[in-house]
Number of protein chains: 2
Amino acid sequence: MVKHNLNITKLQSSYLFPEVTKRKNNFLEKNPQAKLISLSIGDTTEPIPSPITTAMHDAALRLASKEGYEGYGPEQGLLELRQKITQQYYPKHINSDDMFINDGAKCDIGRLQMFFGQDVKVAMQDPAYPVYVDGSVLAGQTGDFCQTKEAYNDLTLLACTPKNNFFPHLSKLSNVDLIYFCSPHNPTGAVASKKQLEELVDYARKNRSIIIYDSAYAFYIQDSDLPKSIYEIEGADEVAIEVGSFSKLAGFTGVRLGWSIIPSKLKFEDGLSVKKLWIRFLSTVFNGASNIAQYGGLACMGPEGQSEIQKIIQFYLENARILKKAIDQKFQTFGNINAPYIWTYMGDQSSWDYFNLLLEKAHLVTVPGSGFGSNGEGFIRFSSFGSRENILKAAERLQQL
Amino acid sequence: MVKHNLNITKLQSSYLFPEVTKRKNNFLEKNPQAKLISLSIGDTTEPIPSPITTAMHDAALRLASKEGYEGYGPEQGLLELRQKITQQYYPKHINSDDMFINDGAKCDIGRLQMFFGQDVKVAMQDPAYPVYVDGSVLAGQTGDFCQTKEAYNDLTLLACTPKNNFFPHLSKLSNVDLIYFCSPHNPTGAVASKKQLEELVDYARKNRSIIIYDSAYAFYIQDSDLPKSIYEIEGADEVAIEVGSFSKLAGFTGVRLGWSIIPSKLKFEDGLSVKKLWIRFLSTVFNGASNIAQYGGLACMGPEGQSEIQKIIQFYLENARILKKAIDQKFQTFGNINAPYIWTYMGDQSSWDYFNLLLEKAHLVTVPGSGFGSNGEGFIRFSSFGSRENILKAAERLQQL
């Protein structure tokens with residue numbers, strides 16, 4: 001009989017967001033009249049601007065004609081899309097040959113975890129996007145869960161708390177192979193400065209580690225002196241993979257599109273090219289992102305698309321300011337607003353208690369900070385994705401709490 | 001420094017289809033005037049019928065409106081799509097709860113390989129779709145490549161040759177955990193009979209193995225007494241996963257859509273539900289297929305969509321008949337036509353020699369049988385995807401060879 005993959009049952013709980021949904025649904029069953037507002041999973045709510053949907057609509061229609069039909073696309077993604085993203089976001093630092101179009105950052109992070117395999121030591125921010133931990137466990141890169149220390153063995157968690165201004169103490173970090181680093185940081189909203197990223201790249205160069213840099217929220221950065229890409233740091237192309245996404249950039253959460261950059265200079269211990277092995281791996285387990293989504297991505301990179309998606313980002317940031325103002329009257333929030341999340345310290349009870357309180361008393365669905373790691377205990381993540389009407393209502397409910 | 005995942009460098013050669021493309025491009029560089037015809041990678045060429053592209057076009061437009069916008073979809077796929085596929089293709093045997101929508105069969109096969117992990121013993125048809133072998137190697141399910149026997153250690157290859165009428169001798173098979181089985185079989189085009197599938201299911205039930213049944217070409221089956229799904233066999237839902245695809249069904253090779261069925265009855269050795277662990281795995285590494293593609297899939301399941309895609313399947317099958325007739329005059333082909341491929345024994349030289357011969361003398365790009373496994377040596381796989389004009393030209397060139 002088939003034994004199950006032991007890495008899966010190492011996982012301690014269900015994936016965070018389905019658990020949030022389950023609790024929400026249980027509440028709704030008992031209180032069917034409740035008008036819940038979701039400030040929870042970072043799900044975009046604004047329509048996709050029409051220059052972009054028109055491009056997808058045209059792409060779908062082309063598939064119906066003999067001249068316009070396309071079968072399998074290039075595995076690495078449409079050349080024009082790779083070139084346009086590179087020109088738009090990495091004009092000085094990256095070659096389009098090193099760019100890989102994917103069906104969303106989460107999916108490529110999963111593939112990267114399987115790609116690196118079980119013999120790597122992993123470090124990550126704590127709190128962090130739960131996929132980093134869960135995927136590392138599934139890839140066999142961690143030991144069992146230790147109940148005493150409430151963490152997985154052989155997994156290095158880099159505390160990001162108000163005490164260190166949400167940037168980890170790298171000087172104490174022993175040798176690790178992979179370091180996940182997200183900036184703007186989900187869930188805390190903290191953005192690493194140029195100096196901090198230099199420190200990170202410096203660590204990776206000295207220790208020959210590889211950074212997996214998650215820039216899914218880069219376009220929310222408003223301070224012009226804050227880096228939007230790890231490649232703004234000299235030497236980062238020798239040590240860093242960057243994963244980007246159209247989800248929060250252009251509302252493509254359901255359309256599914258993103259990219260990964262695997263620079264040619266990145267090498268394994270034995271001198272083998274990371275990119276070359278990645279291509280071999282990818283061609284076996286992936287067949288490219290949907291062509292229709294890719295043509296939508298292309299429209300995002302044009303002047304009209306860029307201008308339209310900037311408006312939506314500004315809309316969500318204004319939502320965040322409204323929420324922050326309301327929350328600040330009762331609780332402690334952190335960071336300037338360079339991300340669509342408001343990281344809030346609620347008090348010394350558990351995050352799930354506060355989650356339940358907000359659900360029951362204010363009919364707000366949030367995300368418990370502890371779901372992102374033990375350093376998130378006592379915190380709540382408020383998301384600012386939502387209609388203005390709902391955000392204003394939510395702000396009112398928070399003030400009345 | 002980061003060690004590379006040793007499973008990747010176990011792989012002996014580049015993935016088959018990029019290698020074919022490389023040789024084609026090299027030839028074109030030296031012979032830029034050559035008018036090559038591709039009978040190679042199974043890439044669809046007929047446009048997608050307009051009821052289906054219209055549904056995708058409408059879905060793209062809805063995303064531009066406040067009322068129609070959708071963010072993250074259900075991870076398992078649109079409920080209506082799961083229900084419609086189930087009603088259409090598995091009305092008696094499968095519950096839509098057990099169906100998972102994916103971004104193409106290849107991608108889910110890759111995820112299944114990672115899901116089962118390294119501690120399973122694997123068997124598969126030989127020849128076979130190269131993703132079964134390569135993905136098993138990447139998942140650490142095989143030993144090293146043994147140069148003497150020209151195969152991976154700890155991987156069971158089930159010879160499918162003219163001698164056994166392309167159905168393996170299961171009586172000699174020692175205990176294995178996973179069995180890949182593809183019917184209609186890529187590359188030989190052989191379709192397993194009900195009796196043969198009963199034998200396969202019987203083996204799996206006795207040995208508590210799990211079958212990964214690839215039905216990507218099921219809709220090409222013309223003989224009404226041949227099973228189109230493994231679930232037509234009693235008890236298969238206790239031992240089989242089935243992976244289906246819209247690629248060859250509706251020309252979705254570039255649009256990316258497929259499905260997997262993980263029946264609730266499927267259990268691991270310790271009694272854990274395969275489906276339950278799969279959901280936990282999937283929610284960490286995947287975020288659903290593109291919503292636009294899913295609405296296209298939904299249109300494929302309607303009466304108009306079904307009628308249109310049947311026409312295209314008949315078109316490709318007529319192509320196959322034209323090619324087979326031409327090839328039969330010179331070489332030995334196998335099987336009735338229930339698949340878009342013609343498996344041809346060329347002689348006692350190597351498949352790559354015949355590949356080169358067909359490329360140089362007839363300007364035809366094919367796939368060398370040996371690329372599918374050592375039992376494909378001496379064979380060529382001709383694909384029947386192409387315009388009628390090209391297929392007629394290719395047939396003429398084959399006759400003149």
# chains A, B, ... in the order shown; residues from 1 in each chain; ligands from 1
call {"tool": "closest_atom_pairs", "arguments": {"of": "chain A", "to": "chain B", "cutoff": "7 Å", "atoms": "only C-alpha atoms", "output": "Markdown table"}}
result
| residue | atom | partner | partner_atom | distance |
| --- | --- | --- | --- | --- |
| A:Met1 | CA | B:Arg208 | CA | 4.5 |
| A:Val2 | CA | B:Asp177 | CA | 5.3 |
| A:Lys3 | CA | B:Glu269 | CA | 5.3 |
| A:His4 | CA | B:Phe268 | CA | 5.8 |
| A:Asn5 | CA | B:Gly117 | CA | 5.3 |
| A:Ser14 | CA | B:Arg280 | CA | 6.7 |
| A:Tyr15 | CA | B:Ser283 | CA | 6.8 |
| A:Asp43 | CA | B:Gly71 | CA | 5.9 |
| A:Thr44 | CA | B:Gly71 | CA | 5.7 |
| A:Thr45 | CA | B:Gly71 | CA | 6.5 |
| A:Glu46 | CA | B:Lys66 | CA | 6.7 |
| A:Pro47 | CA | B:Ala64 | CA | 4.8 |
| A:Ile48 | CA | B:Ala64 | CA | 4.8 |
| A:Pro49 | CA | B:Ala64 | CA | 5.8 |
| A:Ser50 | CA | B:Ala64 | CA | 5.6 |
| A:Thr53 | CA | B:Ala60 | CA | 5.4 |
| A:Thr54 | CA | B:Leu61 | CA | 7.0 |
| A:Met56 | CA | B:Ala60 | CA | 6.1 |
| A:His57 | CA | B:His57 | CA | 4.4 |
| A:Ala60 | CA | B:Thr53 | CA | 5.4 |
| A:Leu61 | CA | B:Thr53 | CA | 5.8 |
| A:Leu63 | CA | B:Pro47 | CA | 5.7 |
| A:Ala64 | CA | B:Pro47 | CA | 4.8 |
| A:Ser65 | CA | B:Pro47 | CA | 5.4 |
| A:Lys66 | CA | B:Pro47 | CA | 5.5 |
| A:Tyr69 | CA | B:Pro47 | CA | 5.3 |
| A:Glu70 | CA | B:Gly254 | CA | 6.5 |
| A:Gly71 | CA | B:Gly254 | CA | 4.8 |
| A:Tyr72 | CA | B:Gly254 | CA | 4.5 |
| A:Gly73 | CA | B:Gly254 | CA | 5.8 |
| A:Lys106 | CA | B:Val285 | CA | 6.3 |
| A:Cys107 | CA | B:Phe286 | CA | 5.1 |
| A:Gly110 | CA | B:Val285 | CA | 4.8 |
| A:Phe115 | CA | B:Asn5 | CA | 6.8 |
| A:Phe116 | CA | B:Asn5 | CA | 5.5 |
| A:Gly117 | CA | B:Asn5 | CA | 5.3 |
| A:Val120 | CA | B:Val2 | CA | 6.9 |
| A:Val131 | CA | B:Thr284 | CA | 5.8 |
| A:Asp134 | CA | B:Thr284 | CA | 6.7 |
| A:Gly135 | CA | B:Thr284 | CA | 6.3 |
| A:Asp177 | CA | B:Val2 | CA | 5.3 |
| A:Asn207 | CA | B:Met1 | CA | 6.6 |
| A:Arg208 | CA | B:Met1 | CA | 4.5 |
| A:Ser209 | CA | B:Met1 | CA | 5.9 |
| A:Thr253 | CA | B:Tyr72 | CA | 5.0 |
| A:Gly254 | CA | B:Tyr72 | CA | 4.5 |
| A:Val255 | CA | B:Ser290 | CA | 4.6 |
| A:Arg256 | CA | B:Ser290 | CA | 5.4 |
| A:Phe268 | CA | B:Val2 | CA | 5.4 |
| A:Glu269 | CA | B:Met1 | CA | 5.0 |
| A:Arg280 | CA | B:Ser14 | CA | 6.7 |
| A:Ser283 | CA | B:Tyr15 | CA | 6.8 |
| A:Thr284 | CA | B:Val131 | CA | 5.9 |
| A:Val285 | CA | B:Gly110 | CA | 4.8 |
| A:Phe286 | CA | B:Cys107 | CA | 5.1 |
| A:Asn287 | CA | B:Cys107 | CA | 7.0 |
| A:Ser290 | CA | B:Val255 | CA | 4.6 |
| A:Asn291 | CA | B:Val255 | CA | 5.5 |
| A:Ile292 | CA | B:Val255 | CA | 6.6 |
call {"tool": "select_by_dssp", "arguments": {"residues": "region 192-254 of chain A", "states": "helix (DSSP H, G or I)", "output": "list in words"}}
result
Lys194, Lys195, Gln196, Leu197, Glu198, Glu199, Leu200, Val201, Asp202, Tyr203, Ala204, Arg205, Lys206, Asn207, Ala218, Phe219, Tyr220, Ile230, Tyr231, Glu232, Ala236, Asp237, Glu238, Ser247, Lys248, Leu249 and Ala250 of chain A
call {"tool": "atom_distance", "arguments": {"atom1": "CA of Ile221 (chain A)", "atom2": "CA of Leu173 (chain A)"}}
result
27.7 Å
call {"tool": "select_by_dssp", "arguments": {"residues": "region 141-176 of chain B", "states": "strand (DSSP E or B)", "output": "mmCIF file with all heavy atoms, in the first residue's frame"}}
result
data_model
loop_
_atom_site.group_PDB
_atom_site.id
_atom_site.type_symbol
_atom_site.label_atom_id
_atom_site.label_comp_id
_atom_site.auth_asym_id
_atom_site.auth_seq_id
_atom_site.Cartn_x
_atom_site.Cartn_y
_atom_site.Cartn_z
ATOM 1 N N PHE B 145 20.645 7.099 -12.915
ATOM 2 C CA PHE B 145 20.550 6.488 -14.237
ATOM 3 C C PHE B 145 21.662 5.452 -14.346
ATOM 4 O O PHE B 145 22.811 5.713 -14.022
ATOM 5 C CB PHE B 145 20.712 7.550 -15.316
ATOM 6 C CG PHE B 145 20.386 7.048 -16.696
ATOM 7 C CD1 PHE B 145 19.071 6.957 -17.124
ATOM 8 C CD2 PHE B 145 21.404 6.655 -17.564
ATOM 9 C CE1 PHE B 145 18.761 6.491 -18.396
ATOM 10 C CE2 PHE B 145 21.102 6.185 -18.848
ATOM 11 C CZ PHE B 145 19.781 6.105 -19.259
ATOM 12 N N CYS B 146 21.307 4.261 -14.771
ATOM 13 C CA CYS B 146 22.290 3.183 -14.927
ATOM 14 C C CYS B 146 22.651 3.087 -16.401
ATOM 15 O O CYS B 146 21.797 2.784 -17.238
ATOM 16 C CB CYS B 146 21.693 1.882 -14.404
ATOM 17 S SG CYS B 146 22.663 0.440 -14.858
ATOM 18 N N ALA B 151 18.646 2.833 -18.108
ATOM 19 C CA ALA B 151 17.379 3.162 -17.436
ATOM 20 C C ALA B 151 17.692 3.614 -16.017
ATOM 21 O O ALA B 151 18.801 3.393 -15.512
ATOM 22 C CB ALA B 151 16.470 1.941 -17.411
ATOM 23 N N TYR B 152 16.719 4.252 -15.379
ATOM 24 C CA TYR B 152 16.903 4.676 -13.994
ATOM 25 C C TYR B 152 16.718 3.477 -13.076
ATOM 26 O O TYR B 152 15.835 2.638 -13.295
ATOM 27 C CB TYR B 152 15.890 5.759 -13.633
ATOM 28 C CG TYR B 152 16.140 7.053 -14.373
ATOM 29 C CD1 TYR B 152 15.467 7.342 -15.548
ATOM 30 C CD2 TYR B 152 17.088 7.974 -13.901
ATOM 31 C CE1 TYR B 152 15.716 8.515 -16.248
ATOM 32 C CE2 TYR B 152 17.342 9.145 -14.593
ATOM 33 C CZ TYR B 152 16.658 9.419 -15.772
ATOM 34 O OH TYR B 152 16.919 10.567 -16.461
ATOM 35 N N LEU B 155 13.026 2.180 -10.974
ATOM 36 C CA LEU B 155 11.878 2.668 -11.733
ATOM 37 C C LEU B 155 11.453 1.509 -12.632
ATOM 38 O O LEU B 155 12.273 0.967 -13.374
ATOM 39 C CB LEU B 155 12.267 3.889 -12.579
ATOM 40 C CG LEU B 155 11.158 4.447 -13.477
ATOM 41 C CD1 LEU B 155 10.050 5.084 -12.643
ATOM 42 C CD2 LEU B 155 11.722 5.507 -14.436
ATOM 43 N N THR B 156 10.195 1.110 -12.530
ATOM 44 C CA THR B 156 9.732 -0.045 -13.288
ATOM 45 C C THR B 156 9.113 0.400 -14.602
ATOM 46 O O THR B 156 8.144 1.164 -14.600
ATOM 47 C CB THR B 156 8.693 -0.832 -12.464
ATOM 48 O OG1 THR B 156 9.285 -1.181 -11.218
ATOM 49 C CG2 THR B 156 8.265 -2.094 -13.182
ATOM 50 N N LEU B 157 9.701 -0.077 -15.693
ATOM 51 C CA LEU B 157 9.180 0.275 -17.009
ATOM 52 C C LEU B 157 8.427 -0.919 -17.578
ATOM 53 O O LEU B 157 8.950 -2.036 -17.618
ATOM 54 C CB LEU B 157 10.335 0.671 -17.931
ATOM 55 C CG LEU B 157 11.108 1.919 -17.469
ATOM 56 C CD1 LEU B 157 12.325 2.157 -18.338
ATOM 57 C CD2 LEU B 157 10.207 3.154 -17.455
ATOM 58 N N LEU B 158 7.200 -0.692 -17.971
ATOM 59 C CA LEU B 158 6.337 -1.762 -18.474
ATOM 60 C C LEU B 158 6.348 -1.693 -20.002
ATOM 61 O O LEU B 158 5.721 -0.819 -20.598
ATOM 62 C CB LEU B 158 4.921 -1.562 -17.949
ATOM 63 C CG LEU B 158 4.803 -1.445 -16.412
ATOM 64 C CD1 LEU B 158 3.427 -0.935 -16.015
ATOM 65 C CD2 LEU B 158 5.084 -2.795 -15.768
ATOM 66 N N ALA B 159 7.084 -2.621 -20.605
ATOM 67 C CA ALA B 159 7.250 -2.579 -22.061
ATOM 68 C C ALA B 159 5.906 -2.674 -22.772
ATOM 69 O O ALA B 159 5.084 -3.546 -22.478
ATOM 70 C CB ALA B 159 8.152 -3.733 -22.502
#
call {"tool": "closest_residue", "arguments": {"among": "B:Ser193, B:Gln125, B:Thr161, B:Ser374", "to": "Asp214 (chain B)", "atoms": "only C-alpha atoms"}}
result
B:Gln125
call {"tool": "residues_around", "arguments": {"residues": "Gly77 (chain A)", "least_positions_apart": "5", "cutoff": "7 Å", "atoms": "only C-alpha atoms", "output": "list in words"}}
result
Arg82, Phe100, Ile101 and Gly288 of chain A
call {"tool": "write_last_selection", "arguments": {"atoms": "C-alpha atoms", "output": "short mmCIF file (atom, residue, chain, number, x, y, z; two decimals), in the first residue's frame"}}
result
data_model
loop_
_atom_site.label_atom_id
_atom_site.label_comp_id
_atom_site.auth_asym_id
_atom_site.auth_seq_id
_atom_site.Cartn_x
_atom_site.Cartn_y
_atom_site.Cartn_z
CA ARG A 82 9.27 39.59 -20.64
CA PHE A 100 10.16 33.76 -16.39
CA ILE A 101 6.43 34.41 -16.71
CA GLY A 288 3.40 28.46 -19.32
#
call {"tool": "atom_distance", "arguments": {"atom1": "CA of Phe331 (chain B)", "atom2": "CA of Gly347 (chain B)"}}
result
8.3 Å
call {"tool": "atom_distance", "arguments": {"atom1": "CA of Gln399 (chain B)", "atom2": "CA of Leu323 (chain B)"}}
result
9.9 Å
call {"tool": "residues_around", "arguments": {"residues": "Thr86 (chain B)", "least_positions_apart": "2", "cutoff": "12 Å", "atoms": "only C-alpha atoms", "output": "list in words"}}
result
Leu79, Glu80, Leu81, Arg82, Gln83, Lys84, Gln88, Tyr89, Tyr90, Pro91, Lys92, His93, Ile94, Asn95, Ser96, Asp97, Asp98, Met99, Phe100, Ile101, Ser229, Tyr231, Gly244, Trp259, Ser260, Ile261, Leu298 and Met301 of chain B
call {"tool": "residues_around", "arguments": {"residues": "Tyr220 (chain A)", "least_positions_apart": "5", "cutoff": "10 Å", "atoms": "only C-alpha atoms", "output": "ChimeraX atom specification"}}
result
/A:184,189,228,248-249,310,313-314,316-317,337-340
call {"tool": "residues_around", "arguments": {"residues": "Lys393 (chain A)", "least_positions_apart": "3", "cutoff": "12 Å", "atoms": "only C-alpha atoms", "output": "ChimeraX atom specification"}}
result
/A:35-39,319,322-323,326,362-364,386-390,396-400
call {"tool": "write_last_selection", "arguments": {"atoms": "N, CA and C atoms", "output": "PDB file, in the first residue's frame"}}
result
ATOM      1  N   LYS A  35     -24.141  41.525   8.356  1.00  0.00           N
ATOM      2  CA  LYS A  35     -23.569  42.124   7.133  1.00  0.00           C
ATOM      3  C   LYS A  35     -22.058  42.198   7.316  1.00  0.00           C
ATOM      4  N   LEU A  36     -21.390  41.104   7.064  1.00  0.00           N
ATOM      5  CA  LEU A  36     -19.934  41.043   7.276  1.00  0.00           C
ATOM      6  C   LEU A  36     -19.203  41.897   6.249  1.00  0.00           C
ATOM      7  N   ILE A  37     -18.108  42.509   6.683  1.00  0.00           N
ATOM      8  CA  ILE A  37     -17.199  43.192   5.760  1.00  0.00           C
ATOM      9  C   ILE A  37     -15.858  42.481   5.852  1.00  0.00           C
ATOM     10  N   SER A  38     -15.290  42.150   4.698  1.00  0.00           N
ATOM     11  CA  SER A  38     -14.024  41.430   4.703  1.00  0.00           C
ATOM     12  C   SER A  38     -12.843  42.379   4.598  1.00  0.00           C
ATOM     13  N   LEU A  39     -11.986  42.337   5.628  1.00  0.00           N
ATOM     14  CA  LEU A  39     -10.686  43.032   5.579  1.00  0.00           C
ATOM     15  C   LEU A  39      -9.630  41.952   5.765  1.00  0.00           C
ATOM     16  N   ASN A 319      -7.860  53.828   0.900  1.00  0.00           N
ATOM     17  CA  ASN A 319      -8.589  52.919   1.814  1.00  0.00           C
ATOM     18  C   ASN A 319      -7.759  52.654   3.063  1.00  0.00           C
ATOM     19  N   ILE A 322      -7.707  55.556   5.448  1.00  0.00           N
ATOM     20  CA  ILE A 322      -8.989  55.675   6.168  1.00  0.00           C
ATOM     21  C   ILE A 322      -9.052  54.681   7.326  1.00  0.00           C
ATOM     22  N   LEU A 323      -8.686  53.445   7.016  1.00  0.00           N
ATOM     23  CA  LEU A 323      -8.716  52.404   8.051  1.00  0.00           C
ATOM     24  C   LEU A 323      -7.722  52.713   9.164  1.00  0.00           C
ATOM     25  N   ALA A 326      -8.852  55.253  11.642  1.00  0.00           N
ATOM     26  CA  ALA A 326      -9.854  54.729  12.583  1.00  0.00           C
ATOM     27  C   ALA A 326      -9.213  53.808  13.614  1.00  0.00           C
ATOM     28  N   ALA A 362     -17.972  43.474  15.637  1.00  0.00           N
ATOM     29  CA  ALA A 362     -17.971  44.503  14.582  1.00  0.00           C
ATOM     30  C   ALA A 362     -18.314  43.915  13.213  1.00  0.00           C
ATOM     31  N   HIS A 363     -18.540  42.603  13.172  1.00  0.00           N
ATOM     32  CA  HIS A 363     -18.847  41.915  11.905  1.00  0.00           C
ATOM     33  C   HIS A 363     -17.782  42.191  10.845  1.00  0.00           C
ATOM     34  N   LEU A 364     -16.527  42.208  11.324  1.00  0.00           N
ATOM     35  CA  LEU A 364     -15.393  42.393  10.412  1.00  0.00           C
ATOM     36  C   LEU A 364     -14.595  41.095  10.334  1.00  0.00           C
ATOM     37  N   GLY A 386     -11.161  46.627  -0.832  1.00  0.00           N
ATOM     38  CA  GLY A 386     -12.605  46.688  -0.614  1.00  0.00           C
ATOM     39  C   GLY A 386     -13.153  47.933  -1.278  1.00  0.00           C
ATOM     40  N   SER A 387     -14.475  48.005  -1.394  1.00  0.00           N
ATOM     41  CA  SER A 387     -15.085  49.214  -1.951  1.00  0.00           C
ATOM     42  C   SER A 387     -14.952  50.332  -0.921  1.00  0.00           C
ATOM     43  N   ARG A 388     -14.980  51.582  -1.384  1.00  0.00           N
ATOM     44  CA  ARG A 388     -14.855  52.710  -0.463  1.00  0.00           C
ATOM     45  C   ARG A 388     -15.976  52.683   0.563  1.00  0.00           C
ATOM     46  N   GLU A 389     -17.167  52.333   0.087  1.00  0.00           N
ATOM     47  CA  GLU A 389     -18.330  52.259   0.957  1.00  0.00           C
ATOM     48  C   GLU A 389     -18.078  51.287   2.123  1.00  0.00           C
ATOM     49  N   ASN A 390     -17.591  50.119   1.805  1.00  0.00           N
ATOM     50  CA  ASN A 390     -17.328  49.122   2.838  1.00  0.00           C
ATOM     51  C   ASN A 390     -16.210  49.556   3.771  1.00  0.00           C
ATOM     52  N   GLU A 396     -16.051  53.015  10.617  1.00  0.00           N
ATOM     53  CA  GLU A 396     -17.044  53.418  11.593  1.00  0.00           C
ATOM     54  C   GLU A 396     -17.230  52.347  12.671  1.00  0.00           C
ATOM     55  N   ARG A 397     -17.332  51.108  12.226  1.00  0.00           N
ATOM     56  CA  ARG A 397     -17.511  50.012  13.195  1.00  0.00           C
ATOM     57  C   ARG A 397     -16.311  49.905  14.125  1.00  0.00           C
ATOM     58  N   LEU A 398     -15.115  50.138  13.571  1.00  0.00           N
ATOM     59  CA  LEU A 398     -13.913  50.055  14.410  1.00  0.00           C
ATOM     60  C   LEU A 398     -13.915  51.160  15.455  1.00  0.00           C
ATOM     61  N   GLN A 399     -14.378  52.344  15.064  1.00  0.00           N
ATOM     62  CA  GLN A 399     -14.420  53.450  16.020  1.00  0.00           C
ATOM     63  C   GLN A 399     -15.441  53.206  17.124  1.00  0.00           C
ATOM     64  N   GLN A 400     -16.520  52.496  16.771  1.00  0.00           N
ATOM     65  CA  GLN A 400     -17.580  52.234  17.764  1.00  0.00           C
ATOM     66  C   GLN A 400     -17.277  51.035  18.656  1.00  0.00           C
TER      67      GLN A 400
END
call {"tool": "closest_residue", "arguments": {"among": "B:Ala395, B:Ile85, B:Ala192, B:Cys182", "to": "Asn165 (chain B)", "atoms": "only C-alpha atoms"}}
result
B:Ala192
call {"tool": "residues_around", "arguments": {"residues": "Asp154 (chain B)", "least_positions_apart": "6", "cutoff": "8 Å", "atoms": "only C-alpha atoms", "output": "list in words"}}
result
Lys121, Val122, Gln141, Thr142 and Gly143 of chain B
